[in-house]
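Chemist: Once you've had a glance at the structure underneath, I'll fire off some questions.
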Amino acid sequence: MTHTPALSLTAAADLNHSPLDITAVLDHLVCEADAATATSIGFPGAVDLDQTEIMARLGGRLWNNIGDPGDPGGVAHTRALERAVIAWVADILAMPTDDRWGYVTTGGTEGNLSALHAAHRRYPTARIYYSTAAHYSIPKSVEILGARGVVISARPDGEMDYAHLAAQVRKRRRWPAIVVATAGTTLTEAVDDSTRIRAVLDEYGVAGHLHIDAALSGIPLALDGQLRFDDAASIAISGHKFLGTPTPCGVVLIRDSARRHGSHVAYTDTVDTTITGSRCGLAAALLWHAIATHGREGHRWRASEARTLAAYAVYQLTAAGWPAWRHPHAFTVVLPTPPEPVRKKWLLATDGDTSHIICMPGITRGQIDAFVADVAAAAPPRWIPQPRLSPETDVSTAGH
Ligand SMILES: Cc1ncc(COP(=O)(O)O)c(C=O)c1O
């Protein structure tokens with residue numbers, strides 16, 4: 001296989017380059033991705049599900065689920081599979097069967113935007129509350145919608161500070177509230193407590209819409225009964241994270257009663273309810289395939305194995321003098337940021353003094369051992385991570 005040297009990919013891919021060696025460019029991409037696989041433990045994509053067969057069978061055609069997934073009109077493509085995916089995800093979240101709607105999105109970001117769009121149409125004057133640990137797609141959605149955002153403090157372990165939320169809601173109680181709870185914050189995988197958020201709104205008699213951004217943890221927590229739709233009006237989940245699809249995608253679920261129904265578009269013969277018009281039918285098929293080949297029990301087992309590995313990583317890092325911690329439900333292991341060469345080699349997600357690795361399904365003990373060996377060989381950390389802040393925060397070796 002030809003391997004173009006790393007720095008020349010941009011030049012090799014330049015479409016004005018003559019002669020253009022297409023094979024060399026593709027080889028290069030694959031080699032680079034293969035080389036990075038062993039040390040990719042910083043970002044949350046599962047790598048244990050084999051989707052090569054379905055990619056080979058469906059990957060050469062256009063599957064475009066234009067319009068509403070429930071629509072019988074227009075081009076159907078993989079809409080039947082999309083509906084099955086939506087029903088499965090809604091079922092594991094115990095979303096009411098008579099008040100549900102959703103579609104397969106391009107990812108968690110579109111899910112958040114779609115849900116907040118529905119919420120904002122419902123409550124145009126609402127303030128949108130989200131914590132400092134919320135994903136950047138939330139303030140971006142607030143800006144796109146031209147809404148007013150209110151930033152709430154997060155505790156050092158990543159969970160929302162409910163006392164701060166209460167103080168901010170109290171000050172603005174004449175307006176409705178749209179509150180974003182995160183189920184699996186990007187850095188620490190903390191889960192905001194919807195019941196406590198709802199209690200704050202009830203205390204001040206504020207009407208509102210509770211949205212859950214569950215991009216990473218929605219499916220694994222729901223499978224264990226640790227996350228339910230309950231008081232929520234909408235929820236967004238990424239598909240390429242826990243379900244490891246080879247293309248970015250996601251699912252958004254919104255209560256049917258919490259959204260405005262779209263208008264019919266004559267030329268596509270569908271109802272316009274989604275953020276994008278053309279929508280990736282291959283993504284819906286990949287999600288369906290990932291769910292169908294493993295079922296609830298298979299996916300529950302995958303989550304449990306990943307958590308066991310995360311507990312192992314906490315134990316090994318701590319034993320090596322690099323104190324780490326995790327929330328008990330989490331795949332994410334938080335640690336003091338290692339020196340630059342270790343950080344770069346292992347593609348760690350870093351926020352100043354704090355970094356994380358994510359033990360997604362498919363990451364192995366061998367990878368964790370190699371990472372811990374590199375960390376142990378580095379100078380000791382300059383800081384000790386947060387003490388236990390909530391009874392659930394696991395800073396010990398429990399679960400290992
Ligand atoms: C909490 C949270 N929300 C939303 C997103 C965005 O999801 P996506 O990358 O699928 O758009 C992420 C991605 O990391 C996330 O961690």
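Simple scheme: letters A, B, ... for chains in structure tokens order, numbers from 1 for residues in each chain, numbers from 1 for ligands in the order shown.
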Mind listing the alpha helix (DSSP H) residues of range 9-110 of chain A, per DSSP on the backbone, as a PyMOL selection string?
Modeler: chain A and resi 9-13+22-37+52-58+79-92+108-110
Chemist: What's the 7 Å shell around range 202-216 of chain A, counting only C-alpha atoms, without same-chain residues fewer than 4 positions away, as a ChimeraX atom specification?
Modeler: /A:108,112,119,170,173,176-184,198,232-238,241-242
Chemist: In Å to one decimal, how far is CA of Arg307 in chain A from CA of Pro328 in chain A?
Modeler: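 Going from CA of Pro328 in chain A over to CA of Arg307 in chain A covers 7.9 Å.
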Chemist: Just the strand (DSSP E or B) stuff from range 168-346 of chain A, please, per backbone DSSP, written as a PDB file with C-alpha atoms, in the first residue's frame.
Modeler:
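Below is the file that was written, out08.pdb:
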```
ATOM      1  CA  ALA A 177     -38.218  28.776  31.569  1.00  0.00           C
ATOM      2  CA  ILE A 178     -36.596  26.365  29.181  1.00  0.00           C
ATOM      3  CA  VAL A 179     -34.068  24.385  31.205  1.00  0.00           C
ATOM      4  CA  VAL A 180     -31.404  22.181  29.659  1.00  0.00           C
ATOM      5  CA  ALA A 181     -30.322  19.293  31.859  1.00  0.00           C
ATOM      6  CA  THR A 182     -27.278  17.401  30.656  1.00  0.00           C
ATOM      7  CA  ALA A 183     -27.179  13.620  31.051  1.00  0.00           C
ATOM      8  CA  VAL A 191     -25.899  13.896  35.105  1.00  0.00           C
ATOM      9  CA  GLY A 208     -41.508  25.621  31.162  1.00  0.00           C
ATOM     10  CA  HIS A 209     -39.908  23.029  28.990  1.00  0.00           C
ATOM     11  CA  LEU A 210     -37.269  20.649  30.316  1.00  0.00           C
ATOM     12  CA  HIS A 211     -34.856  19.457  27.650  1.00  0.00           C
ATOM     13  CA  ILE A 212     -32.322  16.713  28.342  1.00  0.00           C
ATOM     14  CA  ASP A 213     -29.095  16.758  26.386  1.00  0.00           C
ATOM     15  CA  SER A 234     -37.535  16.594  24.807  1.00  0.00           C
ATOM     16  CA  ILE A 235     -34.274  14.701  24.704  1.00  0.00           C
ATOM     17  CA  ALA A 236     -31.316  14.580  22.287  1.00  0.00           C
ATOM     18  CA  ILE A 237     -28.923  11.646  21.838  1.00  0.00           C
ATOM     19  CA  SER A 238     -25.887  11.112  19.593  1.00  0.00           C
ATOM     20  CA  GLY A 250     -28.366  11.126  16.498  1.00  0.00           C
ATOM     21  CA  VAL A 251     -31.936  10.922  17.670  1.00  0.00           C
ATOM     22  CA  VAL A 252     -34.206  13.654  18.974  1.00  0.00           C
ATOM     23  CA  LEU A 253     -37.428  12.905  20.811  1.00  0.00           C
ATOM     24  CA  ILE A 254     -39.999  15.591  21.544  1.00  0.00           C
ATOM     25  CA  SER A 263     -46.657  22.485   7.028  1.00  0.00           C
ATOM     26  CA  HIS A 264     -46.993  20.299   3.945  1.00  0.00           C
ATOM     27  CA  VAL A 265     -44.437  20.842   1.184  1.00  0.00           C
ATOM     28  CA  THR A 270     -43.971  15.546   2.990  1.00  0.00           C
ATOM     29  CA  VAL A 271     -44.530  17.565   6.137  1.00  0.00           C
ATOM     30  CA  ASP A 272     -41.672  19.906   7.069  1.00  0.00           C
ATOM     31  CA  CYS A 280     -29.367  10.697   5.988  1.00  0.00           C
ATOM     32  CA  TRP A 325     -12.086   9.640  39.558  1.00  0.00           C
ATOM     33  CA  ARG A 326     -15.356   8.894  37.809  1.00  0.00           C
ATOM     34  CA  THR A 332     -15.412   8.836  31.576  1.00  0.00           C
ATOM     35  CA  VAL A 333     -12.353   8.891  33.844  1.00  0.00           C
ATOM     36  CA  VAL A 334     -11.227  12.347  34.976  1.00  0.00           C
ATOM     37  CA  LEU A 335      -7.570  12.933  35.793  1.00  0.00           C
ATOM     38  CA  PRO A 336      -5.055  15.734  36.234  1.00  0.00           C
TER      39      PRO A 336
END
```
Chemist: Report, in Å to a single decimal, how far apart CA of Ile41 in chain A and CA of Asp193 in chain A are.
Modeler: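 Separating CA of Asp193 in chain A from CA of Ile41 in chain A is a distance of 27.4 Å.
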Chemist: May I ask for the distance between CA of Met160 in chain A and CA of Leu93 in chain A, given in Å to one decimal place?
Modeler: 21.7 Å
Chemist: Give me, as a PyMOL selection string, all polymer residues having an atom no more than 9 Å from Glu297 in chain A, counting only C-alpha atoms and skipping those fewer than 4 positions away in the same chain.
Modeler: chain A and resi 223+301-302
Chemist: Would you mind exporting N, CA and C atoms of the selected residues as a compact mmCIF listing (two decimals), in the first residue's frame?
Modeler:
```txt
# COMPACT_ATOMS: atom_id res chain seq x y z
N LEU A 223 -31.00 2.18 29.49
CA LEU A 223 -31.02 0.71 29.52
C LEU A 223 -30.97 0.19 30.95
N TRP A 301 -25.12 -5.08 28.33
CA TRP A 301 -23.85 -5.75 28.64
C TRP A 301 -22.68 -4.90 28.17
N ARG A 302 -22.79 -4.31 26.99
CA ARG A 302 -21.71 -3.45 26.48
C ARG A 302 -21.45 -2.30 27.47
```
Chemist: Can you pull out every residue within 10 Å of Val375 in chain A, counting only C-alpha atoms, but drop anything in the same chain fewer than 5 positions away, and send it as JSON, numbers by chain?
Modeler: {"A": [317, 320, 321, 322, 337, 338, 339, 341, 342, 343, 369, 370, 380, 381]}
Chemist: Dump all heavy atoms for the selected residues as a JSON list (two decimals), in the first residue's frame?
Modeler:
```json
[["chain", "number", "residue", "atom", "x", "y", "z"],
["A", 317, "LEU", "N", -4.74, 4.10, 37.51],
["A", 317, "LEU", "CA", -4.15, 5.44, 37.50],
["A", 317, "LEU", "C", -3.83, 5.88, 38.93],
["A", 317, "LEU", "O", -2.75, 6.42, 39.21],
["A", 317, "LEU", "CB", -5.11, 6.44, 36.85],
["A", 317, "LEU", "CG", -5.14, 6.42, 35.32],
["A", 317, "LEU", "CD1", -6.38, 7.12, 34.78],
["A", 317, "LEU", "CD2", -3.88, 7.07, 34.74],
["A", 320, "ALA", "N", -0.93, 4.24, 40.30],
["A", 320, "ALA", "CA", 0.31, 4.73, 39.69],
["A", 320, "ALA", "C", 0.65, 6.15, 40.14],
["A", 320, "ALA", "O", 1.57, 6.78, 39.60],
["A", 320, "ALA", "CB", 0.18, 4.68, 38.16],
["A", 321, "GLY", "N", -0.12, 6.67, 41.11],
["A", 321, "GLY", "CA", 0.18, 8.00, 41.65],
["A", 321, "GLY", "C", -0.42, 9.12, 40.83],
["A", 321, "GLY", "O", 0.01, 10.28, 40.92],
["A", 322, "TRP", "N", -1.41, 8.79, 40.00],
["A", 322, "TRP", "CA", -2.05, 9.82, 39.17],
["A", 322, "TRP", "C", -3.54, 9.80, 39.50],
["A", 322, "TRP", "O", -4.33, 9.15, 38.80],
["A", 322, "TRP", "CB", -1.80, 9.51, 37.68],
["A", 322, "TRP", "CG", -1.83, 10.75, 36.87],
["A", 322, "TRP", "CD1", -2.93, 11.32, 36.32],
["A", 322, "TRP", "CD2", -0.72, 11.58, 36.55],
["A", 322, "TRP", "NE1", -2.58, 12.48, 35.68],
["A", 322, "TRP", "CE2", -1.22, 12.66, 35.80],
["A", 322, "TRP", "CE3", 0.64, 11.54, 36.83],
["A", 322, "TRP", "CZ2", -0.41, 13.67, 35.31],
["A", 322, "TRP", "CZ3", 1.44, 12.55, 36.34],
["A", 322, "TRP", "CH2", 0.92, 13.60, 35.59],
["A", 337, "THR", "N", -4.32, 16.74, 34.16],
["A", 337, "THR", "CA", -3.78, 16.70, 32.79],
["A", 337, "THR", "C", -2.33, 16.23, 32.77],
["A", 337, "THR", "O", -1.47, 16.81, 33.43],
["A", 337, "THR", "CB", -3.88, 18.10, 32.16],
["A", 337, "THR", "OG1", -5.26, 18.45, 32.11],
["A", 337, "THR", "CG2", -3.27, 18.15, 30.77],
["A", 338, "PRO", "N", -2.06, 15.15, 32.04],
["A", 338, "PRO", "CA", -0.66, 14.68, 31.94],
["A", 338, "PRO", "C", 0.16, 15.62, 31.06],
["A", 338, "PRO", "O", -0.39, 16.46, 30.34],
["A", 338, "PRO", "CB", -0.78, 13.30, 31.28],
["A", 338, "PRO", "CG", -2.24, 12.99, 31.22],
["A", 338, "PRO", "CD", -2.98, 14.28, 31.29],
["A", 339, "PRO", "N", 1.50, 15.48, 31.09],
["A", 339, "PRO", "CA", 2.34, 16.35, 30.26],
["A", 339, "PRO", "C", 1.98, 16.20, 28.76],
["A", 339, "PRO", "O", 1.45, 15.17, 28.34],
["A", 339, "PRO", "CB", 3.75, 15.83, 30.53],
["A", 339, "PRO", "CG", 3.67, 15.09, 31.82],
["A", 339, "PRO", "CD", 2.28, 14.56, 31.93],
["A", 341, "PRO", "N", 3.37, 15.49, 25.83],
["A", 341, "PRO", "CA", 3.57, 14.34, 24.93],
["A", 341, "PRO", "C", 2.55, 13.22, 25.18],
["A", 341, "PRO", "O", 2.07, 12.60, 24.23],
["A", 341, "PRO", "CB", 5.00, 13.87, 25.26],
["A", 341, "PRO", "CG", 5.65, 15.00, 25.97],
["A", 341, "PRO", "CD", 4.57, 15.78, 26.63],
["A", 342, "VAL", "N", 2.20, 13.00, 26.45],
["A", 342, "VAL", "CA", 1.23, 11.94, 26.77],
["A", 342, "VAL", "C", -0.15, 12.37, 26.27],
["A", 342, "VAL", "O", -0.90, 11.59, 25.65],
["A", 342, "VAL", "CB", 1.18, 11.70, 28.30],
["A", 342, "VAL", "CG1", 0.15, 10.63, 28.66],
["A", 342, "VAL", "CG2", 2.55, 11.33, 28.83],
["A", 343, "ARG", "N", -0.46, 13.62, 26.52],
["A", 343, "ARG", "CA", -1.76, 14.16, 26.11],
["A", 343, "ARG", "C", -1.95, 14.04, 24.60],
["A", 343, "ARG", "O", -3.00, 13.63, 24.10],
["A", 343, "ARG", "CB", -1.78, 15.64, 26.51],
["A", 343, "ARG", "CG", -3.11, 16.25, 26.69],
["A", 343, "ARG", "CD", -2.99, 17.51, 27.51],
["A", 343, "ARG", "NE", -2.25, 18.57, 26.85],
["A", 343, "ARG", "CZ", -2.70, 19.30, 25.85],
["A", 343, "ARG", "NH1", -3.89, 19.06, 25.33],
["A", 343, "ARG", "NH2", -1.98, 20.27, 25.32],
["A", 369, "ASP", "N", -3.73, -0.12, 30.09],
["A", 369, "ASP", "CA", -2.42, -0.42, 30.71],
["A", 369, "ASP", "C", -1.31, 0.40, 30.04],
["A", 369, "ASP", "O", -0.43, 0.94, 30.72],
["A", 369, "ASP", "CB", -2.11, -1.92, 30.59],
["A", 369, "ASP", "CG", -3.02, -2.75, 31.49],
["A", 369, "ASP", "OD1", -3.64, -2.19, 32.41],
["A", 369, "ASP", "OD2", -3.11, -3.98, 31.25],
["A", 370, "ALA", "N", -1.35, 0.49, 28.72],
["A", 370, "ALA", "CA", -0.30, 1.24, 28.00],
["A", 370, "ALA", "C", -0.40, 2.73, 28.33],
["A", 370, "ALA", "O", 0.63, 3.41, 28.52],
["A", 370, "ALA", "CB", -0.45, 1.02, 26.50],
["A", 380, "PRO", "N", 5.01, 13.54, 38.47],
["A", 380, "PRO", "CA", 3.74, 13.47, 39.21],
["A", 380, "PRO", "C", 2.86, 14.69, 38.93],
["A", 380, "PRO", "O", 3.37, 15.76, 38.58],
["A", 380, "PRO", "CB", 4.17, 13.45, 40.68],
["A", 380, "PRO", "CG", 5.63, 13.52, 40.70],
["A", 380, "PRO", "CD", 6.17, 13.61, 39.32],
["A", 381, "PRO", "N", 1.54, 14.55, 39.07],
["A", 381, "PRO", "CA", 0.65, 15.69, 38.77],
["A", 381, "PRO", "C", 0.88, 16.84, 39.73],
["A", 381, "PRO", "O", 1.24, 16.63, 40.88],
["A", 381, "PRO", "CB", -0.75, 15.09, 38.96],
["A", 381, "PRO", "CG", -0.56, 13.89, 39.82],
["A", 381, "PRO", "CD", 0.82, 13.38, 39.55]]
```
Chemist: Would you please work out which residue, of A:Leu187, A:Leu81, A:Arg148, A:Thr195, is nearest to Asp353 in chain A when using only C-alpha atoms?
Modeler: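 So, comparing all the options, the nearest one is A:Leu187.
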